[in-house]
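Asker: Input start01.csv, format and content: CSV, N, CA and C atoms.
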```csv
chain,number,residue,atom,x,y,z
L,1,MET,N,39.1,-142.0,125.2
L,1,MET,CA,39.2,-141.8,126.7
L,1,MET,C,38.7,-143.1,127.3
L,2,GLU,N,39.5,-143.7,128.2
L,2,GLU,CA,39.0,-144.8,128.9
L,2,GLU,C,39.2,-144.6,130.4
L,3,ILE,N,38.2,-145.0,131.2
L,3,ILE,CA,38.2,-144.8,132.6
L,3,ILE,C,38.2,-146.2,133.3
L,4,THR,N,39.2,-146.3,134.2
L,4,THR,CA,39.3,-147.6,135.0
L,4,THR,C,39.1,-147.3,136.5
L,5,ILE,N,38.2,-147.9,137.1
L,5,ILE,CA,38.0,-147.8,138.6
L,5,ILE,C,39.2,-148.4,139.3
L,6,ILE,N,39.8,-147.6,140.2
L,6,ILE,CA,40.9,-148.2,140.9
L,6,ILE,C,40.4,-148.6,142.3
L,7,ASP,N,39.6,-147.8,142.9
L,7,ASP,CA,39.2,-148.1,144.3
L,7,ASP,C,37.8,-147.5,144.5
L,8,ARG,N,36.9,-148.3,145.3
L,8,ARG,CA,35.6,-147.8,145.7
L,8,ARG,C,35.5,-148.1,147.1
L,9,VAL,N,35.2,-147.1,147.9
L,9,VAL,CA,35.1,-147.2,149.4
L,9,VAL,C,33.8,-146.6,149.8
L,10,GLN,N,33.0,-147.3,150.6
L,10,GLN,CA,31.8,-146.9,151.1
L,10,GLN,C,32.0,-146.1,152.4
L,11,ASN,N,31.5,-144.8,152.4
L,11,ASN,CA,31.6,-144.0,153.6
L,11,ASN,C,30.2,-143.9,154.2
L,12,ALA,N,30.0,-144.7,155.2
L,12,ALA,CA,28.7,-144.8,155.9
L,12,ALA,C,28.3,-143.6,156.6
L,13,GLU,N,29.3,-142.9,157.2
L,13,GLU,CA,29.0,-141.7,157.9
L,13,GLU,C,28.4,-140.6,157.1
L,14,LEU,N,28.8,-140.4,155.9
L,14,LEU,CA,28.3,-139.4,155.0
L,14,LEU,C,27.4,-140.0,153.9
L,15,ASN,N,27.1,-141.2,154.0
L,15,ASN,CA,26.1,-141.9,153.1
L,15,ASN,C,26.5,-141.7,151.7
L,16,ARG,N,27.8,-142.0,151.4
L,16,ARG,CA,28.3,-141.8,150.0
L,16,ARG,C,29.3,-142.9,149.7
L,17,GLU,N,29.6,-143.0,148.4
L,17,GLU,CA,30.7,-143.9,148.0
L,17,GLU,C,31.8,-143.0,147.4
L,18,GLU,N,33.0,-143.3,147.8
L,18,GLU,CA,34.2,-142.5,147.3
L,18,GLU,C,34.9,-143.4,146.3
L,19,ILE,N,35.1,-142.8,145.1
L,19,ILE,CA,35.7,-143.6,144.0
L,19,ILE,C,37.0,-142.9,143.5
L,20,THR,N,38.0,-143.7,143.3
L,20,THR,CA,39.3,-143.3,142.7
L,20,THR,C,39.4,-144.0,141.4
L,21,PHE,N,39.7,-143.3,140.4
L,21,PHE,CA,39.8,-143.8,139.0
L,21,PHE,C,40.9,-143.3,138.2
L,22,GLN,N,41.3,-144.0,137.2
L,22,GLN,CA,42.3,-143.6,136.3
L,22,GLN,C,41.7,-143.3,134.9
L,23,ILE,N,42.2,-142.2,134.3
L,23,ILE,CA,41.7,-141.9,133.0
L,23,ILE,C,42.9,-142.0,132.0
L,24,ASP,N,42.7,-142.8,131.0
L,24,ASP,CA,43.7,-143.0,129.9
L,24,ASP,C,43.2,-142.1,128.7
L,25,HIS,N,43.9,-141.0,128.5
L,25,HIS,CA,43.5,-140.2,127.4
L,25,HIS,C,44.7,-140.1,126.4
L,26,SER,N,45.1,-141.2,125.8
L,26,SER,CA,46.1,-141.3,124.8
L,26,SER,C,45.8,-140.4,123.6
L,27,ARG,N,46.8,-139.8,123.2
L,27,ARG,CA,46.8,-138.9,122.0
L,27,ARG,C,45.7,-137.8,122.1
L,28,ALA,N,45.3,-137.4,123.2
L,28,ALA,CA,44.3,-136.4,123.4
L,28,ALA,C,44.7,-135.6,124.7
L,29,GLN,N,44.1,-134.4,124.8
L,29,GLN,CA,44.3,-133.6,126.0
L,29,GLN,C,43.5,-134.2,127.1
L,30,THR,N,43.7,-133.7,128.3
L,30,THR,CA,43.0,-134.1,129.5
L,30,THR,C,41.5,-133.7,129.2
L,31,PRO,N,40.6,-134.7,129.4
L,31,PRO,CA,39.2,-134.4,129.1
L,31,PRO,C,38.5,-133.4,130.1
L,32,SER,N,37.5,-132.8,129.6
L,32,SER,CA,36.8,-131.8,130.4
L,32,SER,C,36.1,-132.5,131.6
L,33,ARG,N,35.8,-131.7,132.6
L,33,ARG,CA,35.1,-132.2,133.8
L,33,ARG,C,33.7,-132.8,133.4
L,34,ALA,N,33.0,-132.1,132.5
L,34,ALA,CA,31.7,-132.6,132.1
L,34,ALA,C,31.8,-133.9,131.4
L,35,THR,N,32.8,-134.1,130.5
L,35,THR,CA,33.0,-135.4,129.8
L,35,THR,C,33.3,-136.5,130.8
L,36,VAL,N,34.1,-136.2,131.8
L,36,VAL,CA,34.5,-137.2,132.8
L,36,VAL,C,33.3,-137.6,133.6
L,37,ILE,N,32.5,-136.6,134.1
L,37,ILE,CA,31.4,-136.9,134.9
L,37,ILE,C,30.4,-137.8,134.1
L,38,ALA,N,30.1,-137.4,132.9
L,38,ALA,CA,29.2,-138.2,132.1
L,38,ALA,C,29.6,-139.7,131.9
L,39,LYS,N,30.9,-139.8,131.6
L,39,LYS,CA,31.5,-141.2,131.3
L,39,LYS,C,31.5,-142.0,132.6
L,40,LEU,N,31.9,-141.4,133.7
L,40,LEU,CA,32.0,-142.0,135.0
L,40,LEU,C,30.6,-142.4,135.5
L,41,ALA,N,29.6,-141.5,135.4
L,41,ALA,CA,28.3,-141.9,135.8
L,41,ALA,C,27.7,-143.0,135.0
L,42,ALA,N,28.1,-143.1,133.7
L,42,ALA,CA,27.6,-144.2,132.9
L,42,ALA,C,28.3,-145.6,133.3
L,43,ILE,N,29.5,-145.5,133.7
L,43,ILE,CA,30.2,-146.7,134.1
L,43,ILE,C,29.7,-147.3,135.4
L,44,ILE,N,29.4,-146.4,136.4
L,44,ILE,CA,28.9,-146.8,137.7
L,44,ILE,C,27.4,-146.9,137.8
L,45,ASN,N,26.7,-146.7,136.7
L,45,ASN,CA,25.3,-146.8,136.6
L,45,ASN,C,24.6,-145.8,137.6
L,46,SER,N,25.0,-144.5,137.5
L,46,SER,CA,24.5,-143.5,138.3
L,46,SER,C,24.0,-142.3,137.5
L,47,GLU,N,23.4,-141.4,138.2
L,47,GLU,CA,23.0,-140.1,137.5
L,47,GLU,C,24.1,-139.1,137.7
L,48,LYS,N,24.2,-138.2,136.8
L,48,LYS,CA,25.2,-137.2,136.9
L,48,LYS,C,25.0,-136.3,138.1
L,49,GLU,N,23.8,-136.1,138.5
L,49,GLU,CA,23.5,-135.2,139.6
L,49,GLU,C,23.9,-135.7,140.9
L,50,ARG,N,24.1,-137.0,141.0
L,50,ARG,CA,24.6,-137.7,142.2
L,50,ARG,C,26.1,-137.9,142.2
L,51,THR,N,26.7,-137.7,141.1
L,51,THR,CA,28.2,-137.9,141.0
L,51,THR,C,28.9,-136.6,141.1
L,52,ILE,N,29.8,-136.4,142.1
L,52,ILE,CA,30.5,-135.2,142.2
L,52,ILE,C,32.0,-135.5,142.0
L,53,LEU,N,32.5,-134.8,140.9
L,53,LEU,CA,33.9,-135.0,140.6
L,53,LEU,C,34.7,-134.0,141.5
L,54,ARG,N,35.6,-134.5,142.3
L,54,ARG,CA,36.3,-133.6,143.2
L,54,ARG,C,37.6,-133.2,142.7
L,55,SER,N,38.3,-134.1,142.0
L,55,SER,CA,39.6,-133.7,141.4
L,55,SER,C,40.1,-134.6,140.3
L,56,ILE,N,40.9,-134.0,139.4
L,56,ILE,CA,41.6,-134.7,138.3
L,56,ILE,C,43.0,-134.2,138.3
L,57,LYS,N,43.9,-135.1,138.5
L,57,LYS,CA,45.3,-134.7,138.5
L,57,LYS,C,46.1,-135.5,137.4
L,58,GLY,N,46.7,-134.8,136.5
L,58,GLY,CA,47.5,-135.4,135.5
L,58,GLY,C,49.0,-135.3,135.9
L,59,SER,N,49.8,-136.2,135.3
L,59,SER,CA,51.2,-136.3,135.5
L,59,SER,C,51.9,-135.8,134.2
L,60,PHE,N,52.9,-135.0,134.4
L,60,PHE,CA,53.6,-134.4,133.2
L,60,PHE,C,54.3,-135.5,132.4
L,61,GLY,N,54.0,-135.5,131.1
L,61,GLY,CA,54.6,-136.5,130.2
L,61,GLY,C,53.8,-137.8,130.1
L,62,LEU,N,52.9,-138.0,130.9
L,62,LEU,CA,52.0,-139.2,130.8
L,62,LEU,C,50.6,-138.8,130.3
L,63,GLN,N,50.0,-139.7,129.6
L,63,GLN,CA,48.7,-139.4,129.0
L,63,GLN,C,47.7,-140.1,129.9
L,64,GLN,N,47.9,-140.0,131.2
L,64,GLN,CA,47.0,-140.6,132.2
L,64,GLN,C,46.7,-139.5,133.3
L,65,SER,N,45.6,-139.6,133.9
L,65,SER,CA,45.2,-138.7,135.0
L,65,SER,C,44.5,-139.6,136.0
L,66,ILE,N,44.6,-139.2,137.3
L,66,ILE,CA,44.0,-139.9,138.4
L,66,ILE,C,42.8,-138.9,138.9
L,67,GLY,N,41.7,-139.5,139.0
L,67,GLY,CA,40.5,-138.7,139.5
L,67,GLY,C,39.9,-139.2,140.8
L,68,TYR,N,39.2,-138.4,141.5
L,68,TYR,CA,38.5,-138.7,142.7
L,68,TYR,C,37.1,-138.2,142.6
L,69,ALA,N,36.1,-139.0,142.9
L,69,ALA,CA,34.7,-138.6,142.8
L,69,ALA,C,34.0,-139.2,144.0
L,70,THR,N,32.9,-138.6,144.3
L,70,THR,CA,32.0,-139.1,145.3
L,70,THR,C,30.6,-139.4,144.7
L,71,LEU,N,30.0,-140.4,145.1
L,71,LEU,CA,28.6,-140.8,144.6
L,71,LEU,C,27.7,-140.8,145.8
L,72,TYR,N,26.6,-140.0,145.7
L,72,TYR,CA,25.6,-139.9,146.8
L,72,TYR,C,24.4,-140.8,146.5
L,73,GLU,N,23.6,-141.1,147.5
L,73,GLU,CA,22.4,-141.8,147.3
L,73,GLU,C,21.4,-141.0,146.6
L,74,THR,N,21.3,-139.7,146.9
L,74,THR,CA,20.4,-138.8,146.2
L,74,THR,C,21.1,-137.4,145.9
L,75,ALA,N,20.6,-136.7,145.0
L,75,ALA,CA,21.1,-135.4,144.6
L,75,ALA,C,21.0,-134.4,145.8
L,76,GLU,N,19.9,-134.6,146.5
L,76,GLU,CA,19.7,-133.7,147.7
L,76,GLU,C,20.8,-133.8,148.7
L,77,GLU,N,21.2,-135.1,149.0
L,77,GLU,CA,22.3,-135.3,149.9
L,77,GLU,C,23.6,-134.7,149.4
L,78,ALA,N,23.8,-134.8,148.2
L,78,ALA,CA,25.0,-134.1,147.6
L,78,ALA,C,25.0,-132.6,147.8
L,79,ASN,N,23.8,-132.0,147.6
L,79,ASN,CA,23.7,-130.6,147.7
L,79,ASN,C,23.9,-130.1,149.2
L,80,GLU,N,23.5,-131.0,150.1
L,80,GLU,CA,23.6,-130.7,151.5
L,80,GLU,C,25.0,-130.8,152.0
L,81,ILE,N,25.7,-131.8,151.6
L,81,ILE,CA,27.1,-132.1,152.1
L,81,ILE,C,28.2,-131.5,151.4
L,82,GLU,N,28.2,-131.4,150.1
L,82,GLU,CA,29.3,-130.9,149.3
L,82,GLU,C,29.4,-129.4,149.4
L,83,LEU,N,30.6,-128.9,149.3
L,83,LEU,CA,30.9,-127.5,149.4
L,83,LEU,C,30.4,-126.8,148.1
L,84,ASP,N,30.0,-125.5,148.2
L,84,ASP,CA,29.4,-124.8,147.1
L,84,ASP,C,30.3,-124.8,145.9
L,85,TYR,N,31.6,-124.6,146.1
L,85,TYR,CA,32.5,-124.5,144.9
L,85,TYR,C,32.5,-125.8,144.1
L,86,LEU,N,32.4,-126.9,144.8
L,86,LEU,CA,32.4,-128.2,144.0
L,86,LEU,C,31.1,-128.4,143.3
L,87,LEU,N,30.0,-127.9,143.9
L,87,LEU,CA,28.7,-128.0,143.2
L,87,LEU,C,28.7,-127.1,142.0
L,88,LYS,N,29.3,-125.9,142.1
L,88,LYS,CA,29.4,-125.0,140.9
L,88,LYS,C,30.3,-125.6,139.8
L,89,ARG,N,31.4,-126.2,140.2
L,89,ARG,CA,32.3,-126.8,139.2
L,89,ARG,C,31.6,-128.0,138.5
L,90,ASN,N,30.7,-128.7,139.2
L,90,ASN,CA,30.1,-129.8,138.6
L,90,ASN,C,28.8,-129.4,137.9
L,91,GLY,N,28.5,-128.1,137.8
L,91,GLY,CA,27.3,-127.7,137.1
L,91,GLY,C,26.0,-127.9,137.9
L,92,LEU,N,26.0,-128.1,139.2
L,92,LEU,CA,24.8,-128.4,140.0
L,92,LEU,C,24.3,-127.1,140.7
L,93,MET,N,25.1,-126.0,140.6
L,93,MET,CA,24.7,-124.8,141.3
L,93,MET,C,25.1,-123.7,140.3
L,94,GLU,N,24.3,-122.6,140.3
L,94,GLU,CA,24.7,-121.5,139.4
L,94,GLU,C,25.8,-120.7,140.0
L,95,LYS,N,26.7,-120.3,139.1
L,95,LYS,CA,27.9,-119.5,139.5
L,95,LYS,C,27.4,-118.1,139.8
L,96,ASP,N,28.0,-117.5,140.8
L,96,ASP,CA,27.7,-116.1,141.2
L,96,ASP,C,28.7,-115.2,140.4
L,97,PHE,N,28.1,-114.2,139.7
L,97,PHE,CA,28.9,-113.3,139.0
L,97,PHE,C,28.8,-111.9,139.7
L,98,LYS,N,29.9,-111.4,140.2
L,98,LYS,CA,29.8,-110.1,140.9
L,98,LYS,C,29.7,-109.0,139.9
L,99,ASP,N,28.9,-108.0,140.3
L,99,ASP,CA,28.8,-106.8,139.5
L,99,ASP,C,30.1,-105.9,139.7
L,100,GLU,N,30.6,-105.4,138.6
L,100,GLU,CA,31.8,-104.6,138.7
L,100,GLU,C,31.5,-103.2,138.7
```
Is it possible to give me this structure as structure tokens?

Answerer:
Amino acid sequence: MEITIIDRVQNAELNREEITFQIDHSRAQTPSRATVIAKLAAIINSEKERTILRSIKGSFGLQQSIGYATLYETAEEANEIELDYLLKRNGLMEKDFKDE
């Protein structure tokens, strides 16, 4: 799996950096969110807690996916701004399990 940064935009209003990237996963399935977060955080010299993976979209027949992530200055800012479902998907908040 290889990740290439396509675009990095600084969003001063939300005090974060918005990153668009391409994942080349030749001869393999689309990587898990945890794998992508770890690899992306290593590439941009960040901590996983400050890197929020918002989406990964693959194209049928291609072994490439496009991803979008946000990078915050601190993990606390990420917890304040991001929606709960994104924090749960990224493993930064415990999932709620309803009693049946």

Asker: With all atoms listed in the file as the atoms that count, which of L:Ile23, L:Leu14, L:Leu62, L:Met1 lies nearest to Ile81 in chain L?

Answerer: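 With all atoms listed in the file as the atom set, the closest residue is L:Leu14.
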
Asker: Which residue is closest to Glu73 in chain L? Choose from L:Ser46, L:Ser59, L:Gln22, L:Asn15 and count only N, CA and C atoms.

Answerer: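 Between L:Ser46, L:Ser59, L:Gln22, L:Asn15, the residue approaching Glu73 in chain L most closely is L:Asn15.
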
Asker: Run DSSP on the backbone of this structure and report the residues of range 40-72 of chain L it assigns to helix (DSSP H, G or I), as a list in words.

Answerer: Leu40, Ala41, Ala42, Ile43, Lys48, Glu49 and Arg50 of chain L

Asker: Looking only at the backbone, which of the residues in range 12-53 of chain L does DSSP tag as strand (DSSP E or B), as a list of chain:residue names?

Answerer: L:Arg16, L:Glu17, L:Glu18, L:Ile19, L:Thr20, L:Phe21, L:Gln22, L:Ile23, L:Asp24, L:Thr51, L:Ile52, L:Leu53

Asker: As an exercise, work out the distance from CA of Arg89 in chain L to CA of Arg33 in chain L in Å and give it to one decimal place.

Answerer: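 CA of Arg33 in chain L lies 8.1 Å from CA of Arg89 in chain L.
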
Asker: For a cutoff of 12 Å around the file-coordinate point (47.9, -135.7, 122.2), which residues qualify once you count only C-alpha atoms? I'd like the result as a ChimeraX atom specification.

Answerer: /L:1,24-31,61-64

Asker: Grab the CA of Ser65 in chain L to atom N of Arg8 in chain L distance for me, in Å with one decimal place.

Answerer: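 Separation of CA of Ser65 in chain L and atom N of Arg8 in chain L: 16.3 Å.
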
Asker: Around the point (34.5, -143.7, 137.2), in the coordinates given by the file, pick out the residues reaching within 10 Å, counting only C-alpha atoms, and return them as a ChimeraX atom specification.

Answerer: /L:2-8,19-23,36-45,51,53,67-71

Asker: Using atom N of Lys48 in chain L and atom N of Phe60 in chain L as the two end points, give the distance in Å to one decimal.

Answerer: 29.0 Å

Asker: Pick the closest to Arg16 in chain L from L:Glu77, L:Gly91, L:Glu49, L:Lys57: which is it, counting only C-alpha atoms?

Answerer: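 Of L:Glu77, L:Gly91, L:Glu49, L:Lys57, the one nearest Arg16 in chain L is L:Glu77, counting only C-alpha atoms.
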
Asker: Closest to Leu87 in chain L among L:Ser32, L:Thr74, L:Ile52, L:Glu13, using all atoms listed in the file?

Answerer: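 Closest residue, counting all atoms listed in the file: L:Ile52.
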
Asker: Show which residues sit within 5 Å of Arg50 in chain L, as a list in words. Count all atoms listed in the file, and ignore same-chain residues fewer than 3 positions away.

Answerer: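 Close residues of Arg50 in chain L: Glu47, Leu71, Tyr72 and Ala75 of chain L.
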